[in-house]
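Undergrad: There's a structure below that I have some questions on.
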Amino acid sequence: MLEEQKEFARRRKQFLRMVGEGNIAIIASASIMQRNSDVEFPFRQNSDFFYLSGFDEPESVIVFVPGREQGEYVLFCREFDETTALWVGASAGLEGAVKDYGVDDAFPIDDIDDILPGLLENKSRLYFPMGAQSEFDQQLMDWSQQVRGRSRAGVSAPAEFISSDHLLHEMRLIKSAFEIKQMKKAAKISVMAHKKAMQVTKPKMFEYQVDAEMKHHFMSNGAQSEAYPSIVGGGKNGCVLHYTDNNAVLNDGDLLLIDAGCEWQKYASDITRTFPVNGVFSDAQKALYQLVLDAQYAAIEQVQPGNHWNDPHEAAVKVLTKGLVKLGLLEGSVPTLIKNEAYKPYYMHRTGHWLGMDVHDVGDYKIDKQWRLLEPSMVLTVEPGLYIQPNAKEVDKKWRGIGIRIEDDVLVTKKGYEVLTSGAPKEINDIESLMEKARGA
Ligand code: GLY
Ligand code: MN
Ligand code: MN
């Protein structure tokens, strides 16, 4: 069996055990989204669905029935069809699903209305991704209603409808060795793309040209897509947190903020680097940049098993606030400024998020209203920033329009952490010398 099929089988076994005999779990694939007329958006499988099945087709539904004699793992999918195979490529079909994907029992998706109610009969709990796919939620209600309508024949419908999120997302939060390998590969490709961006960037280029270099690197190294729309923002555009126009010219003397990462085999990477368009930081840029970098190092140091989720954020806020006072952007006592969130006009987002199959990955951040503790094999981003808006009249002119973020992907290990994206330069000297070398070449 292929390594990845073993991995999917292992996940299913664990999930089936958690669902438990007498219960059922049902998850639908992602749907094809129409772009216009006959054109579709590129298909991206639902991450929960893929996590359990490795099956990359739309119009599919997986059903887990622990203890079912004819097989616990049921898949509804498209039947193999010659014409479709000719026009858009072959689908696995029922036989392929059983042969290549470890499915116990495969049925045509067109028969789901006839078969699924039978699977729901006499089950106590129904687990499904409640609220994630509203049309499918409605179908599940309709099928359950059908079963309920036959109660006089002695069958019962599930009495409890439970979100599958908790079970599945707790699993997804703790990455297996296989997943960490995929994430390292995603990180490696993205690291190289960021280096490439530093090497090619010059004044008068357009943001989209740097963006294109990165996309080219992602795709020519086998990544299937970006993990999210890239942010390539020169100068004041770096102060727009979710800037994706990427269509402005890059000016000599400005910084360029790039937040870009590829998706490799359904795993995201998420890196931000900020560097000077002309290869040399000005004094003001240097001061703010070094402050963000110090905050990032302090935050990364807090990524330790047993620390809580908010420790890195608190460390970043402390360093940033202290530094802003030192540079004259804030005035007052540091503890009071932190308490009053005085840093928020310049640092308005959180220091990170879980990372995995989704860029903002699944998993709770709090348990019983308390920040959860970090555990080995969790992966998170650490991404402090400073954004001095162009119209920030309250600060010296030299700071205005500077936007900086530095973001790495960090794995929690048994002893501390491992930065998966450390290959992308972030020390001022390293960035400047990489860019100088590229200019000289
Ligand atoms: N690229 C999205 C984020 O950094 O959260
Ligand atoms: Mn990012
Ligand atoms: Mn991020």
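The way I read the labels, and the way they are meant: chains A, B, ... in the order of the structure tokens, residue 1 as the first residue of every chain, and ligand 1 as the first ligand shown, with later ones counted on from there.
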Env of Asp104 in chain A: 10 Å cut, atoms = only C-alpha atoms, seq-sep filter 2 positions within chain, self excluded. Answer as a list in words.
TA: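 The residues satisfying every condition are Gln70, Gly71, Glu72, Tyr73, Val74, Leu75, Ala97, Val98, Lys99, Tyr101, Gly102 and Ala106 of chain A.
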Undergrad: Around ligand 1, out to 10 Å and counting only C-alpha atoms and all ligand atoms, which residues are there? I want them as a PyMOL selection string.
TA: chain A and resi 227-231+241-242+258-261+268-272+349-355+359-361+381-384+405-409
Undergrad: So what do you get for CA of Glu263 in chain A versus CA of Ala30 in chain A, distance-wise?
TA: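 CA of Ala30 in chain A lies 17.1 Å from CA of Glu263 in chain A.
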Undergrad: Taking the backbone alone, and naming residues the way the document does, which bits of range 41-207 of chain A are strand (DSSP E) by DSSP, as a list in words?
TA: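 Filtering range 41-207 of chain A down to strand (DSSP E) leaves Val61, Ile62, Val63, Phe64, Tyr73, Val74, Leu75, Phe76, Cys77, Asp105, Ala106, Phe107, Pro108, Arg125, Leu126, Tyr127, Phe128, Glu160, Phe161, Ile162 and Ser163 of chain A.
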Undergrad: I'd like the contact shell of range 139-155 of chain A - 12 Å cut-off, only C-alpha atoms, skipping same-chain residues fewer than 3 positions apart - returned as number ranges by chain.
TA: A: 24-28, 61, 63, 112-131, 133-136, 158-161
Undergrad: Do you know which residues are at most 8 Å from Gln265 in chain A counting only C-alpha atoms, after dropping those on the same chain fewer than 5 positions away, and could you put them as a ChimeraX atom specification?
TA: /A:182,223-224
Undergrad: Report as a VMD selection string all protein, DNA and RNA residues lying within 9 Å of Ser47 in chain A, evaluated on only C-alpha atoms, omitting residues in the same chain fewer than 4 positions from it.
TA: chain A and resid 29 to 30 51 to 52 266 357 to 358
Undergrad: Which of range 50-197 of chain A end up as alpha helix (DSSP H) when DSSP is run on this backbone - answer as a tab-separated table (two decimals) with N, CA and C atoms, in the first residue's frame?
TA:
```tsv
chain	number	residue	atom	x	y	z
A	50	PHE	N	-10.94	15.35	2.33
A	50	PHE	CA	-9.68	14.82	1.80
A	50	PHE	C	-8.84	14.19	2.90
A	51	TYR	N	-8.88	14.78	4.07
A	51	TYR	CA	-8.08	14.29	5.20
A	51	TYR	C	-8.39	12.82	5.48
A	52	LEU	N	-9.67	12.47	5.32
A	52	LEU	CA	-10.08	11.10	5.63
A	52	LEU	C	-10.03	10.16	4.43
A	53	SER	N	-10.15	10.72	3.24
A	53	SER	CA	-10.33	9.86	2.07
A	53	SER	C	-9.18	9.90	1.08
A	82	GLU	N	-17.21	7.02	-20.07
A	82	GLU	CA	-16.28	7.18	-21.20
A	82	GLU	C	-16.25	8.61	-21.73
A	83	THR	N	-17.43	9.20	-21.88
A	83	THR	CA	-17.48	10.54	-22.48
A	83	THR	C	-16.79	11.56	-21.56
A	84	THR	N	-17.09	11.47	-20.26
A	84	THR	CA	-16.45	12.39	-19.32
A	84	THR	C	-14.94	12.17	-19.35
A	85	ALA	N	-14.55	10.90	-19.42
A	85	ALA	CA	-13.11	10.59	-19.45
A	85	ALA	C	-12.46	11.26	-20.65
A	86	LEU	N	-13.18	11.27	-21.77
A	86	LEU	CA	-12.64	11.86	-22.98
A	86	LEU	C	-12.53	13.39	-22.86
A	87	TRP	N	-13.56	14.02	-22.28
A	87	TRP	CA	-13.60	15.48	-22.26
A	87	TRP	C	-12.82	16.10	-21.09
A	93	GLY	N	-14.33	6.10	-10.44
A	93	GLY	CA	-15.44	5.15	-10.57
A	93	GLY	C	-15.53	4.27	-9.34
A	94	LEU	N	-16.56	3.43	-9.30
A	94	LEU	CA	-16.79	2.61	-8.12
A	94	LEU	C	-15.65	1.62	-7.90
A	95	GLU	N	-15.21	1.02	-9.01
A	95	GLU	CA	-14.13	0.01	-8.89
A	95	GLU	C	-12.84	0.65	-8.40
A	96	GLY	N	-12.51	1.79	-8.99
A	96	GLY	CA	-11.28	2.49	-8.62
A	96	GLY	C	-11.33	2.92	-7.16
A	97	ALA	N	-12.51	3.31	-6.71
A	97	ALA	CA	-12.63	3.76	-5.32
A	97	ALA	C	-12.27	2.63	-4.36
A	98	VAL	N	-12.74	1.44	-4.70
A	98	VAL	CA	-12.47	0.28	-3.82
A	98	VAL	C	-11.00	-0.15	-3.96
A	99	LYS	N	-10.54	-0.19	-5.22
A	99	LYS	CA	-9.19	-0.70	-5.48
A	99	LYS	C	-8.10	0.26	-4.97
A	100	ASP	N	-8.29	1.56	-5.23
A	100	ASP	CA	-7.18	2.50	-4.98
A	100	ASP	C	-7.36	3.36	-3.73
A	101	TYR	N	-8.54	3.40	-3.16
A	101	TYR	CA	-8.77	4.34	-2.06
A	101	TYR	C	-9.24	3.67	-0.77
A	112	ILE	N	-27.78	8.01	-4.14
A	112	ILE	CA	-27.65	8.33	-2.71
A	112	ILE	C	-29.01	8.49	-2.01
A	113	ASP	N	-29.98	9.08	-2.74
A	113	ASP	CA	-31.30	9.28	-2.11
A	113	ASP	C	-31.96	7.95	-1.72
A	114	ASP	N	-31.66	6.91	-2.49
A	114	ASP	CA	-32.27	5.60	-2.21
A	114	ASP	C	-31.53	4.86	-1.10
A	115	ILE	N	-30.22	5.06	-1.04
A	115	ILE	CA	-29.41	4.23	-0.14
A	115	ILE	C	-29.14	4.88	1.21
A	116	LEU	N	-28.92	6.17	1.20
A	116	LEU	CA	-28.47	6.80	2.45
A	116	LEU	C	-29.46	6.70	3.62
A	117	PRO	N	-30.76	6.88	3.36
A	117	PRO	CA	-31.69	6.75	4.50
A	117	PRO	C	-31.56	5.40	5.20
A	118	GLY	N	-31.31	4.34	4.42
A	118	GLY	CA	-31.13	3.01	5.01
A	118	GLY	C	-29.93	2.97	5.96
A	119	LEU	N	-28.89	3.69	5.62
A	119	LEU	CA	-27.70	3.70	6.47
A	119	LEU	C	-27.94	4.46	7.78
A	120	LEU	N	-28.91	5.38	7.72
A	120	LEU	CA	-29.20	6.19	8.92
A	120	LEU	C	-30.08	5.43	9.94
A	134	SER	N	-24.54	24.20	3.64
A	134	SER	CA	-25.93	24.30	4.07
A	134	SER	C	-26.89	23.45	3.24
A	135	GLU	N	-26.61	23.32	1.93
A	135	GLU	CA	-27.50	22.50	1.10
A	135	GLU	C	-27.44	21.04	1.54
A	136	PHE	N	-26.22	20.61	1.86
A	136	PHE	CA	-26.06	19.22	2.28
A	136	PHE	C	-26.69	18.99	3.66
A	137	ASP	N	-26.58	19.98	4.53
A	137	ASP	CA	-27.24	19.89	5.85
A	137	ASP	C	-28.73	19.61	5.64
A	138	GLN	N	-29.31	20.34	4.68
A	138	GLN	CA	-30.75	20.19	4.41
A	138	GLN	C	-31.07	18.78	3.91
A	139	GLN	N	-30.18	18.28	3.04
A	139	GLN	CA	-30.38	16.91	2.54
A	139	GLN	C	-30.36	15.90	3.68
A	140	LEU	N	-29.43	16.10	4.60
A	140	LEU	CA	-29.34	15.17	5.74
A	140	LEU	C	-30.61	15.22	6.57
A	141	MET	N	-31.16	16.42	6.73
A	141	MET	CA	-32.42	16.56	7.47
A	141	MET	C	-33.53	15.81	6.73
A	142	ASP	N	-33.56	15.97	5.41
A	142	ASP	CA	-34.61	15.32	4.61
A	142	ASP	C	-34.50	13.79	4.70
A	143	TRP	N	-33.28	13.29	4.60
A	143	TRP	CA	-33.10	11.83	4.68
A	143	TRP	C	-33.49	11.32	6.07
A	144	SER	N	-33.11	12.07	7.08
A	144	SER	CA	-33.46	11.65	8.46
A	144	SER	C	-34.98	11.66	8.63
A	145	GLN	N	-35.60	12.66	8.03
A	145	GLN	CA	-37.05	12.78	8.11
A	145	GLN	C	-37.73	11.56	7.47
A	146	GLN	N	-37.15	11.13	6.35
A	146	GLN	CA	-37.69	9.93	5.69
A	146	GLN	C	-37.65	8.73	6.63
A	147	VAL	N	-36.52	8.60	7.33
A	147	VAL	CA	-36.38	7.46	8.24
A	147	VAL	C	-37.40	7.59	9.38
A	148	ARG	N	-37.53	8.80	9.87
A	148	ARG	CA	-38.48	9.06	10.97
A	148	ARG	C	-39.90	8.68	10.53
A	165	ASP	N	-16.92	18.55	13.63
A	165	ASP	CA	-15.73	19.42	13.69
A	165	ASP	C	-14.82	19.07	14.85
A	166	HIS	N	-15.42	18.88	16.01
A	166	HIS	CA	-14.57	18.73	17.17
A	166	HIS	C	-13.66	17.50	17.03
A	167	LEU	N	-14.26	16.36	16.67
A	167	LEU	CA	-13.47	15.13	16.52
A	167	LEU	C	-12.39	15.29	15.46
A	168	LEU	N	-12.84	15.75	14.30
A	168	LEU	CA	-11.92	15.80	13.16
A	168	LEU	C	-10.86	16.88	13.30
A	169	HIS	N	-11.28	18.01	13.83
A	169	HIS	CA	-10.35	19.14	13.87
A	169	HIS	C	-9.30	18.97	14.96
A	170	GLU	N	-9.67	18.25	15.99
A	170	GLU	CA	-8.64	17.94	17.00
A	170	GLU	C	-7.60	16.99	16.38
A	171	MET	N	-8.07	16.09	15.52
A	171	MET	CA	-7.12	15.20	14.82
A	171	MET	C	-6.24	16.01	13.89
A	172	ARG	N	-6.86	16.90	13.13
A	172	ARG	CA	-6.10	17.67	12.14
A	172	ARG	C	-5.10	18.63	12.79
A	173	LEU	N	-5.39	19.04	13.99
A	173	LEU	CA	-4.52	19.99	14.68
A	173	LEU	C	-3.16	19.37	15.01
A	177	ALA	N	3.73	12.52	11.21
A	177	ALA	CA	5.04	12.63	10.55
A	177	ALA	C	4.85	12.85	9.04
A	178	PHE	N	3.86	12.17	8.48
A	178	PHE	CA	3.57	12.31	7.05
A	178	PHE	C	3.17	13.76	6.72
A	179	GLU	N	2.33	14.32	7.55
A	179	GLU	CA	1.87	15.69	7.30
A	179	GLU	C	3.02	16.70	7.45
A	180	ILE	N	3.86	16.46	8.45
A	180	ILE	CA	4.98	17.38	8.67
A	180	ILE	C	5.92	17.35	7.46
A	181	LYS	N	6.05	16.18	6.89
A	181	LYS	CA	6.88	16.06	5.68
A	181	LYS	C	6.28	16.91	4.54
A	182	GLN	N	4.97	16.82	4.38
A	182	GLN	CA	4.32	17.62	3.32
A	182	GLN	C	4.47	19.11	3.61
A	183	MET	N	4.32	19.48	4.86
A	183	MET	CA	4.40	20.90	5.20
A	183	MET	C	5.82	21.43	5.02
A	184	LYS	N	6.80	20.57	5.26
A	184	LYS	CA	8.19	21.00	5.04
A	184	LYS	C	8.45	21.22	3.55
A	185	LYS	N	7.84	20.38	2.75
A	185	LYS	CA	8.00	20.54	1.29
A	185	LYS	C	7.33	21.85	0.83
A	186	ALA	N	6.13	22.09	1.31
A	186	ALA	CA	5.44	23.35	0.97
A	186	ALA	C	6.31	24.53	1.40
A	187	ALA	N	6.86	24.44	2.60
A	187	ALA	CA	7.68	25.53	3.14
A	187	ALA	C	8.92	25.73	2.27
A	188	LYS	N	9.52	24.64	1.86
A	188	LYS	CA	10.76	24.72	1.09
A	188	LYS	C	10.53	25.45	-0.25
A	189	ILE	N	9.44	25.09	-0.92
A	189	ILE	CA	9.15	25.74	-2.20
A	189	ILE	C	8.90	27.24	-1.97
A	190	SER	N	8.16	27.56	-0.93
A	190	SER	CA	7.82	28.96	-0.68
A	190	SER	C	9.05	29.77	-0.25
A	191	VAL	N	9.92	29.15	0.51
A	191	VAL	CA	11.16	29.82	0.92
A	191	VAL	C	11.94	30.24	-0.33
A	192	MET	N	12.07	29.31	-1.27
A	192	MET	CA	12.81	29.61	-2.50
A	192	MET	C	12.14	30.72	-3.29
A	193	ALA	N	10.82	30.71	-3.28
A	193	ALA	CA	10.09	31.75	-4.02
A	193	ALA	C	10.36	33.13	-3.40
A	194	HIS	N	10.41	33.20	-2.08
A	194	HIS	CA	10.69	34.48	-1.42
A	194	HIS	C	12.12	34.94	-1.73
A	195	LYS	N	13.04	34.00	-1.76
A	195	LYS	CA	14.41	34.38	-2.10
A	195	LYS	C	14.47	34.93	-3.52
A	196	LYS	N	13.75	34.23	-4.39
A	196	LYS	CA	13.69	34.63	-5.79
A	196	LYS	C	13.15	36.07	-5.89
A	197	ALA	N	12.09	36.33	-5.12
A	197	ALA	CA	11.48	37.67	-5.15
A	197	ALA	C	12.52	38.72	-4.74
```
Undergrad: Could you name the residues that touch range 284-301 of chain A at 10 Å or less, counting only C-alpha atoms, but leaving out those on the same chain fewer than 4 positions away, as a ChimeraX atom specification?
TA: /A:253-255,274-276,280,310-324,327,351-352,381-388,398-400,402-410,416-419,426-428
Undergrad: Could you jot down the CA of Phe76 in chain A to CA of Ile109 in chain A separation for me, Å, one decimal place?
TA: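 Those two atoms sit 4.7 Å apart.
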Undergrad: Mind giving me the straight-line distance from CA of Asp56 in chain A to CA of Met18 in chain A in Å, one decimal?
TA: 24.0 Å
Undergrad: Using only C-alpha atoms and all ligand atoms, which of A:Asp245, A:Met348, A:Leu380, A:Gln45 sits nearest ligand 2?
TA: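 That would be A:Leu380, the residue with the smallest distance to ligand 2.
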Undergrad: With only C-alpha atoms and all ligand atoms as the atoms that count, which of A:Lys414, A:Lys202, A:Arg44, A:Arg273 lies nearest to ligand 2?
TA: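 Between A:Lys414, A:Lys202, A:Arg44, A:Arg273, the residue approaching ligand 2 most closely is A:Arg273.
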